[in-house]
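File shown here: my_file-v8.txt, holding compact mmCIF, C-alpha atoms.
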# COMPACT_ATOMS: atom_id res chain seq x y z
CA MET K 22 128.10 98.24 84.77
CA SER K 23 126.25 101.39 85.77
CA ASN K 24 128.28 104.18 87.37
CA ARG K 25 125.38 105.70 89.28
CA THR K 26 126.36 106.59 92.83
CA TYR K 27 124.75 107.55 96.11
CA VAL K 28 124.91 111.19 95.00
CA ASP K 29 123.10 110.43 91.73
CA VAL K 30 120.32 108.50 93.44
CA ALA K 31 119.90 111.02 96.26
CA LYS K 32 119.74 113.92 93.81
CA TYR K 33 117.15 112.10 91.70
CA VAL K 34 114.86 111.35 94.68
CA GLU K 35 115.07 114.92 95.98
CA GLU K 36 114.31 116.38 92.54
CA GLN K 37 111.36 114.02 92.03
CA ASN K 38 109.98 115.26 95.35
CA GLN K 39 110.39 118.88 94.19
CA ASN K 40 113.30 119.34 96.64
CA LYS K 41 110.88 119.22 99.57
CA CYS K 42 112.92 116.56 101.36
CA LYS K 43 116.49 115.49 102.09
CA VAL K 44 117.80 111.99 101.54
CA LEU K 45 119.06 110.58 104.83
CA SER K 46 120.41 107.30 103.45
CA ALA K 47 120.59 105.38 100.18
CA LYS K 48 122.11 101.96 99.59
CA PRO K 49 121.84 99.25 96.91
CA GLU K 50 119.51 96.70 98.47
CA GLN K 51 119.52 94.02 95.76
CA THR K 52 120.94 93.42 92.29
CA PHE K 53 119.16 91.44 89.55
CA GLU K 54 120.66 89.98 86.35
CA ASP K 55 118.02 87.45 85.26
CA LEU K 56 116.95 89.47 82.18
CA GLY K 57 120.45 89.81 80.80
CA VAL K 58 121.05 93.29 82.20
CA GLU K 59 122.31 94.29 85.65
CA VAL K 60 119.64 96.21 87.54
CA ARG K 61 119.93 97.54 91.07
CA VAL K 62 117.21 98.37 93.56
CA TRP K 63 118.21 101.07 96.05
CA ASN K 64 116.65 101.48 99.49
CA VAL K 65 116.27 105.22 100.09
CA LYS K 66 115.14 106.98 103.28
CA THR K 67 114.15 110.67 103.40
CA ASP K 68 113.43 113.06 106.25
CA ASN K 69 109.78 113.86 105.46
CA GLU K 70 108.75 112.09 102.23
CA GLY K 71 109.00 108.52 103.45
CA SER K 72 110.97 105.61 102.03
CA TRP K 73 111.52 104.76 98.36
CA TRP K 74 112.77 101.98 96.12
CA VAL K 75 114.86 103.39 93.27
CA VAL K 76 115.41 101.04 90.34
CA GLU K 77 118.21 101.68 87.84
CA GLY K 78 120.78 99.83 85.77
CA ASP K 79 122.62 99.46 82.49
CA THR K 80 120.41 100.83 79.66
CA VAL K 81 117.51 100.96 82.17
CA PRO K 82 116.02 104.39 83.00
CA MET K 83 115.92 105.26 86.70
CA ASN K 84 112.56 105.44 88.50
CA LEU K 85 111.34 105.49 92.09
CA TYR K 86 108.50 103.67 93.87
CA PRO K 87 107.13 104.59 97.32
CA GLN K 88 107.60 101.84 99.89
CA ASP K 89 105.04 103.15 102.36
CA ALA K 90 102.16 103.54 99.91
CA TYR K 91 102.37 100.32 97.93
CA TYR K 92 104.24 97.93 100.25
CA PHE K 93 106.59 96.81 97.49
CA GLY K 94 109.65 94.73 98.31
CA THR K 95 112.77 94.81 96.16
CA ASP K 96 111.57 91.97 93.94
CA GLU K 97 108.15 93.55 93.36
CA ALA K 98 109.66 96.96 92.58
CA TYR K 99 112.11 95.37 90.13
CA SER K 100 109.42 93.27 88.43
CA PHE K 101 107.03 96.23 88.18
CA HIS K 102 109.74 98.47 86.74
CA MET K 103 110.98 95.97 84.17
CA GLY K 104 107.41 95.22 83.11
CA ILE K 105 106.96 98.89 82.25
CA MET K 106 110.25 98.87 80.34
CA GLN K 107 109.23 95.81 78.33
CA ARG K 108 105.91 97.40 77.41
CA MET K 109 107.72 100.52 76.25
CA LYS K 110 109.85 98.41 73.90
CA ALA K 111 106.93 96.43 72.51
CA SER K 112 106.28 97.30 68.87
CA THR K 113 102.74 95.88 68.81
CA TYR K 114 101.32 97.46 71.95
CA LYS K 115 97.53 97.17 72.11
CA PRO K 116 95.71 99.07 74.88
CA GLU K 117 92.92 96.49 75.13
CA ASP K 118 95.45 93.69 75.61
CA TYR K 119 97.22 95.71 78.30
CA VAL K 120 93.95 96.27 80.19
CA SER K 121 92.97 92.61 79.91
CA THR K 122 96.37 91.47 81.19
CA MET K 123 96.46 93.91 84.10
CA THR K 124 92.94 92.91 85.24
CA MET K 125 93.55 89.17 84.77
CA ASP K 126 90.78 89.05 82.13
CA SER K 127 88.12 90.01 84.67
CA ASP K 128 84.68 90.88 83.32
CA ILE K 129 84.99 94.67 83.27
CA ALA K 130 81.93 96.89 82.87
CA PRO K 131 81.93 98.21 79.27
CA GLN K 132 82.15 101.91 80.23
CA LEU K 133 85.14 101.20 82.50
CA PHE K 134 86.87 99.07 79.90
CA ARG K 135 86.48 101.85 77.33
CA LYS K 136 87.95 104.46 79.67
CA LEU K 137 90.81 102.19 80.70
CA LYS K 138 91.68 101.60 77.05
CA LYS K 139 91.67 105.37 76.56
CA ILE K 140 94.20 106.07 79.29
CA ALA K 141 96.29 103.08 78.19
CA THR K 142 96.39 104.72 74.74
CA LEU K 143 97.27 108.11 76.20
CA ILE K 144 100.24 106.79 78.16
CA ASP K 145 101.69 105.28 75.00
CA THR K 146 101.91 108.71 73.34
CA ALA K 147 102.43 111.02 76.36
CA VAL K 148 105.49 113.27 76.17
CA GLU K 149 104.86 116.58 77.93
CA VAL K 150 104.04 117.31 81.58
CA GLU K 151 100.54 118.35 80.49
CA ASP K 152 100.07 114.91 78.95
CA PHE K 153 100.97 113.22 82.23
CA GLN K 154 98.68 115.53 84.20
CA ALA K 155 95.83 114.69 81.81
CA ILE K 156 96.45 111.00 82.49
CA GLY K 157 96.12 111.68 86.22
CA VAL K 158 92.78 113.38 85.56
CA GLN K 159 91.59 110.44 83.45
CA CYS K 160 92.62 107.93 86.12
CA ARG K 161 90.70 109.90 88.73
CA GLU K 162 87.62 109.92 86.47
CA VAL K 163 87.88 106.16 86.02
CA LEU K 164 87.92 105.69 89.79
CA ILE K 165 84.87 107.94 90.27
CA GLU K 166 83.05 105.94 87.59
CA LEU K 167 84.11 102.73 89.34
CA GLY K 168 82.65 104.01 92.61
CA ASN K 169 79.34 104.81 90.94
CA LEU K 170 79.15 101.34 89.40
CA ILE K 171 79.94 99.29 92.50
CA TYR K 172 77.92 101.32 95.02
CA PHE K 173 74.20 101.28 95.77
CA PRO K 174 72.42 103.29 98.51
CA GLU K 175 71.58 100.30 100.73
CA MET K 176 75.30 99.89 101.47
CA ALA K 177 75.24 102.97 103.69
CA GLY K 178 72.36 101.65 105.77
CA GLU K 179 70.99 104.44 107.95
CA ASN K 180 74.14 106.54 107.61
CA GLU K 181 74.51 109.58 105.38
CA GLN K 182 74.90 108.84 101.68
CA PRO K 183 78.36 109.67 100.23
CA GLN K 184 78.66 112.46 97.67
CA ALA K 185 78.52 111.48 94.01
CA SER K 186 82.30 111.89 93.49
CA ASN K 187 83.41 110.45 96.84
CA PHE K 188 85.08 107.36 95.44
CA LYS K 189 86.97 106.38 98.60
CA LYS K 190 83.83 106.36 100.78
CA LYS K 191 81.81 104.40 98.24
CA ALA K 192 84.65 101.92 97.89
CA GLU K 193 84.87 101.56 101.68
CA LEU K 194 81.14 100.86 102.01
CA PHE K 195 81.29 98.39 99.11
CA VAL K 196 84.11 96.43 100.74
CA GLN K 197 82.36 96.41 104.13
CA TYR K 198 79.17 95.15 102.48
CA TYR K 199 80.68 92.30 100.47
CA LEU K 200 83.72 91.38 102.59
CA ALA K 201 82.30 91.38 106.11
CA GLY K 202 83.64 89.11 108.84
CA SER K 203 87.00 88.24 110.33
CA ASP K 204 87.88 85.81 107.52
CA ASN K 205 88.09 88.77 105.13
CA SER K 206 90.01 91.16 107.40
CA ASP K 207 93.33 90.85 105.55
CA TYR K 208 91.56 91.13 102.19
CA ARG K 209 89.76 94.29 103.34
CA SER K 210 93.00 95.77 104.66
CA ILE K 211 95.03 95.34 101.47
CA ILE K 212 92.17 96.62 99.29
CA LYS K 213 91.84 99.70 101.50
CA LYS K 214 95.56 100.46 101.24
CA LEU K 215 95.57 99.99 97.48
CA THR K 216 92.40 102.09 97.08
CA GLU K 217 93.67 105.04 99.08
CA SER K 218 97.13 104.92 97.50
CA THR K 219 95.78 104.79 93.94
CA TRP K 220 93.33 107.66 94.50
CA ASP K 221 95.95 109.82 96.20
CA TYR K 222 98.57 109.08 93.55
CA SER K 223 96.13 109.91 90.73
CA ASN K 224 95.52 113.29 92.35
CA LYS K 225 99.27 113.82 92.78
CA ILE K 226 99.94 113.16 89.08
CA THR K 227 97.08 115.53 88.16
CA HIS K 228 98.88 118.46 89.82
CA SER K 229 102.53 117.42 89.44
CA GLN K 230 104.88 119.71 87.54
CA ASN K 231 107.66 117.10 87.60
CA ALA K 232 105.86 113.94 86.52
CA THR K 233 107.57 111.78 83.91
CA PHE K 234 106.39 108.89 81.78
CA TYR K 235 107.30 106.46 84.55
CA GLU K 236 105.17 108.03 87.27
CA ALA K 237 102.22 108.41 84.89
CA SER K 238 102.61 104.84 83.68
CA SER K 239 102.67 103.61 87.28
CA CYS K 240 99.47 105.58 87.89
CA VAL K 241 97.79 103.89 84.91
CA SER K 242 98.93 100.46 86.09
CA LEU K 243 97.67 101.04 89.63
CA CYS K 244 94.31 102.38 88.40
CA THR K 245 93.79 99.49 86.00
CA SER K 246 94.75 96.90 88.62
CA LEU K 247 92.39 98.45 91.16
CA VAL K 248 89.45 98.20 88.75
CA GLY K 249 90.28 94.51 88.37
CA VAL K 250 90.36 94.05 92.16
CA TYR K 251 86.89 95.54 92.64
CA GLU K 252 85.43 93.59 89.74
CA ASN K 253 86.86 90.42 91.32
CA VAL K 254 85.17 91.23 94.63
CA ARG K 255 81.87 91.88 92.88
CA GLN K 256 82.11 88.62 90.93
CA LYS K 257 83.08 86.69 94.06
CA ALA K 258 79.87 87.90 95.73
CA THR K 259 77.76 86.37 92.97
CA ASP K 260 79.76 83.14 92.57
CA LEU K 261 77.80 80.47 94.42
CA LEU K 262 80.58 77.89 94.27
CA ALA K 263 83.64 80.00 95.17
CA GLN K 264 83.48 79.30 98.93
CA TYR K 265 82.91 75.54 98.74
CA LYS K 266 85.20 72.54 98.33
CA CYS K 267 84.74 68.78 98.04
CA LYS K 268 84.12 67.13 101.41
CA ASN K 269 86.11 64.09 100.27
CA CYS K 270 89.26 65.34 98.45
CA THR K 271 88.94 69.11 99.19
CA SER K 272 89.14 70.00 95.50
CA LYS K 273 87.37 73.19 94.44
CA LYS K 274 86.52 71.79 90.99
CA LEU K 275 82.81 71.60 91.67
CA GLU K 276 79.77 71.85 89.48
CA ILE K 277 76.07 71.92 90.35
CA ASN K 278 74.66 68.41 89.96
CA ASP K 279 71.14 69.03 91.30
CA HIS K 280 69.16 71.25 93.67
CA GLU K 281 66.01 71.43 95.79
CA ALA K 282 63.72 74.47 95.97
CA THR K 283 60.54 75.63 97.69
CA GLU K 284 57.24 76.16 95.89
CA LYS K 285 58.28 79.80 95.46
CA GLY K 286 61.41 78.71 93.64
CA ILE K 287 63.79 79.57 96.50
CA VAL K 288 66.77 77.18 96.52
CA THR K 289 67.12 75.29 99.81
CA LYS K 290 69.80 72.75 98.83
CA LEU K 291 72.55 72.41 96.28
CA PHE K 292 74.27 69.18 95.30
CA LEU K 293 77.82 69.83 94.10
CA GLU K 294 79.69 67.11 92.21
CA CYS K 295 83.48 67.05 92.36
CA GLU K 296 85.20 66.81 88.99
CA GLU K 297 88.22 65.13 90.61
CA CYS K 298 86.70 62.28 92.63
CA GLY K 299 83.00 62.31 91.79
CA GLU K 300 81.90 62.87 95.40
CA VAL K 301 78.64 64.83 95.81
CA THR K 302 78.64 67.51 98.51
CA GLU K 303 75.29 68.68 99.87
CA ILE K 304 74.91 72.38 100.70
CA ILE K 305 71.91 73.37 102.85
CA PHE K 306 70.73 76.98 102.90
CA GLU K 307 69.09 78.16 106.11
CA ASN K 308 66.62 81.06 106.49
CA THR K 309 65.75 80.77 102.82
CA GLU K 310 62.47 82.58 103.31
CA GLU K 311 64.48 85.69 104.24
Kindly transcribe the structure held in the file into structure tokens.
Amino acid sequence: MSNRTYVDVAKYVEEQNQNKCKVLSAKPEQTFEDLGVEVRVWNVKTDNEGSWWVVEGDTVPMNLYPQDAYYFGTDEAYSFHMGIMQRMKASTYKPEDYVSTMTMDSDIAPQLFRKLKKIATLIDTAVEVEDFQAIGVQCREVLIELGNLIYFPEMAGENEQPQASNFKKKAELFVQYYLAGSDNSDYRSIIKKLTESTWDYSNKITHSQNATFYEASSCVSLCTSLVGVYENVRQKATDLLAQYKCKNCTSKKLEINDHEATEKGIVTKLFLECEECGEVTEIIFENTEE
């Protein structure tokens, strides 16, 4: 069993924050043993650097995760931490497999996939502080490239166009454009939080003098996941069938059976056949001339 104490955890958090804060409280919130090793997640509160989850245990290196930025619970922090540990131990680590897994095999633009593979390779060999800072720079460049790929000028409407490197503004306009309406409010909110946190953390790693492998690896994971999120939104916008379900059994296993179109080739109706029950659902498009 680990002998780490309140003093050990408090000292670690304060040092990781460059001694710019004081730990007000720290207590073991939850203990996990499902992977054959006892791992504890501590709930730590500071005076001016927010709240943290600190994960540590027998033969498991200690690392901290900000509660306020990423909205992790104890289970998420534990799972995220142990996933990093398992990847470190893997003898056949392949950057392209890591990127594919983190993005749920989304169709990633080739230039983004290449850059993500590059930073996934860098994290596997990073040792010095300068290495970790370089990873922060690369993550930031990936996000800027992502903004340039997902954004087009019409998204700003009559408002001023964002600067070329203003990733957060381009991302905001992209989300507003494709995820409008009250039904998408929660989706917009979580994407905004993840976007701002990932960008800010990439910048923090870029300038950090105390970054370790674990912070840099978390930065890579967040950056890669965020690319997957935006590619999912973009693909959702072009997926005609994603929003529909069978009118009979409510299954979403639908395929286009037939369609009707105007003389100009504009689709006015779709007939969607359910793979589960065979029912055909008719979808009528209004204002097709527009």
Distance query 12 Å from (87.7, 69.3, 100.5) using all atoms listed in the file, result as an MDAnalysis selection string = chainID K and resid 264:275 293:295 297:298 300:302
Nearest to Val65 of chain K by atom-to-atom distance, counting only C-alpha atoms, from K:Ala130, K:Ala258, K:Val81, K:Val28 =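 Using only C-alpha atoms, the shortest distance to Val65 of chain K belongs to K:Val28.
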So that I can check the surroundings of segment 194-205 of chain K, please list as a PDB file with C-alpha atoms, in the frame of the given file every protein, DNA and RNA residue that reaches within 8 Å of it, counting only C-alpha atoms and ignoring chain neighbours fewer than 2 positions away.
ATOM      1  CA  ILE K 171      79.940  99.290  92.500  1.00  0.00           C
ATOM      2  CA  TYR K 172      77.920 101.320  95.020  1.00  0.00           C
ATOM      3  CA  MET K 176      75.300  99.890 101.470  1.00  0.00           C
ATOM      4  CA  ALA K 177      75.240 102.970 103.690  1.00  0.00           C
ATOM      5  CA  LYS K 190      83.830 106.360 100.780  1.00  0.00           C
ATOM      6  CA  LYS K 191      81.810 104.400  98.240  1.00  0.00           C
ATOM      7  CA  ALA K 192      84.650 101.920  97.890  1.00  0.00           C
ATOM      8  CA  ASP K 207      93.330  90.850 105.550  1.00  0.00           C
ATOM      9  CA  TYR K 208      91.560  91.130 102.190  1.00  0.00           C
ATOM     10  CA  ARG K 209      89.760  94.290 103.340  1.00  0.00           C
ATOM     11  CA  VAL K 254      85.170  91.230  94.630  1.00  0.00           C
ATOM     12  CA  ARG K 255      81.870  91.880  92.880  1.00  0.00           C
ATOM     13  CA  ALA K 258      79.870  87.900  95.730  1.00  0.00           C
TER      14      ALA K 258
END
Contact residues around segment 216-221 of chain K with all atoms listed in the file at 8 Å, ignoring same-chain residues under 4 positions, as a list in words | Ala90, Tyr91, Arg161, Leu164, Lys189, Ala192, Ile212, Lys225, Cys240, Leu243, Cys244 and Leu247 of chain K
For Thr233 of chain K, list every protein, DNA or RNA residue within 9 Å, evaluated using all atoms listed in the file, and leave out those in the same chain fewer than 6 positions away; present the list as a list in words.
-> Val148, Glu149, Val150 and Phe153 of chain K
Spatial neighbours of segment 71-76 of chain K, 8 Å, all atoms listed in the file, chain gap at least 5 places, as a PyMOL selection string | chain K and resi 30+60-66+83-89+95+98-99+102
Hey, what's within 9 Å of Ala237 of chain K if we count all atoms listed in the file and toss same-chain stuff fewer than 4 positions away? As a list in words, please?
->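 Here the qualifying residues turn out to be Ile144, Ala147, Phe153, Gln154, Ile156, Gly157, Ser223, Ile226, Ala232, Thr233, Val241 and Ser242 of chain K.
For the atom pair formed by atom CA of Lys139 of chain K and atom CA of Ser210 of chain K, the distance is 29.7 Å, given to one decimal.
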Nearest to Thr26 of chain K: which of K:Gln51, K:Phe173, K:Glu77, K:Pro183 is it, counting only C-alpha atoms?
-> K:Glu77
Any chance you could model N, CA and C atoms for segment 151-187 of chain K and send them as a short mmCIF file (atom, residue, chain, number, x, y, z; two decimals), in the frame of the given file?
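Done, and the output landed in rebuild33.cif:
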data_model
loop_
_atom_site.label_atom_id
_atom_site.label_comp_id
_atom_site.auth_asym_id
_atom_site.auth_seq_id
_atom_site.Cartn_x
_atom_site.Cartn_y
_atom_site.Cartn_z
N GLU K 151 102.00 118.21 80.62
CA GLU K 151 100.54 118.35 80.49
C GLU K 151 99.88 117.03 80.12
N ASP K 152 100.59 116.23 79.32
CA ASP K 152 100.07 114.91 78.95
C ASP K 152 99.95 114.02 80.19
N PHE K 153 100.97 114.05 81.03
CA PHE K 153 100.97 113.22 82.23
C PHE K 153 99.90 113.69 83.22
N GLN K 154 99.73 114.99 83.33
CA GLN K 154 98.68 115.53 84.20
C GLN K 154 97.30 115.09 83.71
N ALA K 155 97.11 115.11 82.38
CA ALA K 155 95.83 114.69 81.81
C ALA K 155 95.56 113.21 82.11
N ILE K 156 96.61 112.41 82.15
CA ILE K 156 96.45 111.00 82.49
C ILE K 156 96.01 110.85 83.94
N GLY K 157 96.56 111.69 84.83
CA GLY K 157 96.12 111.68 86.22
C GLY K 157 94.64 112.00 86.33
N VAL K 158 94.19 113.00 85.56
CA VAL K 158 92.78 113.38 85.56
C VAL K 158 91.92 112.21 85.08
N GLN K 159 92.35 111.56 84.00
CA GLN K 159 91.59 110.44 83.45
C GLN K 159 91.52 109.27 84.43
N CYS K 160 92.62 109.01 85.13
CA CYS K 160 92.62 107.93 86.12
C CYS K 160 91.64 108.25 87.25
N ARG K 161 91.62 109.49 87.68
CA ARG K 161 90.70 109.90 88.73
C ARG K 161 89.25 109.73 88.26
N GLU K 162 88.97 110.08 87.01
CA GLU K 162 87.62 109.92 86.47
C GLU K 162 87.22 108.45 86.39
N VAL K 163 88.17 107.60 86.05
CA VAL K 163 87.88 106.16 86.02
C VAL K 163 87.49 105.67 87.41
N LEU K 164 88.20 106.13 88.42
CA LEU K 164 87.92 105.69 89.79
C LEU K 164 86.55 106.19 90.26
N ILE K 165 86.20 107.42 89.92
CA ILE K 165 84.87 107.94 90.27
C ILE K 165 83.78 107.11 89.59
N GLU K 166 84.00 106.78 88.33
CA GLU K 166 83.05 105.94 87.59
C GLU K 166 82.95 104.55 88.22
N LEU K 167 84.09 104.02 88.66
CA LEU K 167 84.11 102.73 89.34
C LEU K 167 83.26 102.78 90.61
N GLY K 168 83.43 103.86 91.40
CA GLY K 168 82.65 104.01 92.61
C GLY K 168 81.16 104.03 92.34
N ASN K 169 80.76 104.73 91.29
CA ASN K 169 79.34 104.81 90.94
C ASN K 169 78.78 103.47 90.49
N LEU K 170 79.61 102.64 89.89
CA LEU K 170 79.15 101.34 89.40
C LEU K 170 79.03 100.30 90.51
N ILE K 171 79.94 100.34 91.47
CA ILE K 171 79.94 99.29 92.50
C ILE K 171 79.04 99.63 93.69
N TYR K 172 78.66 100.89 93.83
CA TYR K 172 77.92 101.32 95.02
C TYR K 172 76.41 101.39 94.77
N PHE K 173 75.63 100.99 95.79
CA PHE K 173 74.20 101.28 95.77
C PHE K 173 73.80 101.75 97.17
N PRO K 174 72.74 102.58 97.27
CA PRO K 174 72.42 103.29 98.51
C PRO K 174 72.27 102.41 99.75
N GLU K 175 71.79 101.17 99.58
CA GLU K 175 71.58 100.30 100.73
C GLU K 175 72.88 100.00 101.48
N MET K 176 74.02 100.18 100.83
CA MET K 176 75.30 99.89 101.47
C MET K 176 75.58 100.82 102.64
N ALA K 177 75.02 102.01 102.61
CA ALA K 177 75.24 102.97 103.69
C ALA K 177 74.32 102.73 104.88
N GLY K 178 73.30 101.90 104.69
CA GLY K 178 72.36 101.65 105.77
C GLY K 178 71.63 102.93 106.16
N GLU K 179 71.66 103.23 107.46
CA GLU K 179 70.99 104.44 107.95
C GLU K 179 71.94 105.64 107.99
N ASN K 180 73.16 105.45 107.60
CA ASN K 180 74.14 106.54 107.61
C ASN K 180 73.96 107.46 106.41
N GLU K 181 74.61 108.60 106.46
CA GLU K 181 74.51 109.58 105.38
C GLU K 181 75.09 109.02 104.08
N GLN K 182 74.44 109.30 102.98
CA GLN K 182 74.90 108.84 101.68
C GLN K 182 76.15 109.63 101.25
N PRO K 183 77.16 108.96 100.69
CA PRO K 183 78.36 109.67 100.23
C PRO K 183 78.04 110.55 99.02
N GLN K 184 78.83 111.59 98.83
CA GLN K 184 78.66 112.46 97.67
C GLN K 184 78.96 111.69 96.39
N ALA K 185 78.43 112.19 95.29
CA ALA K 185 78.52 111.48 94.01
C ALA K 185 79.96 111.17 93.61
N SER K 186 80.90 112.08 93.92
CA SER K 186 82.30 111.89 93.49
C SER K 186 83.20 111.36 94.59
N ASN K 187 82.60 110.94 95.72
CA ASN K 187 83.41 110.45 96.84
C ASN K 187 83.74 108.98 96.63
#
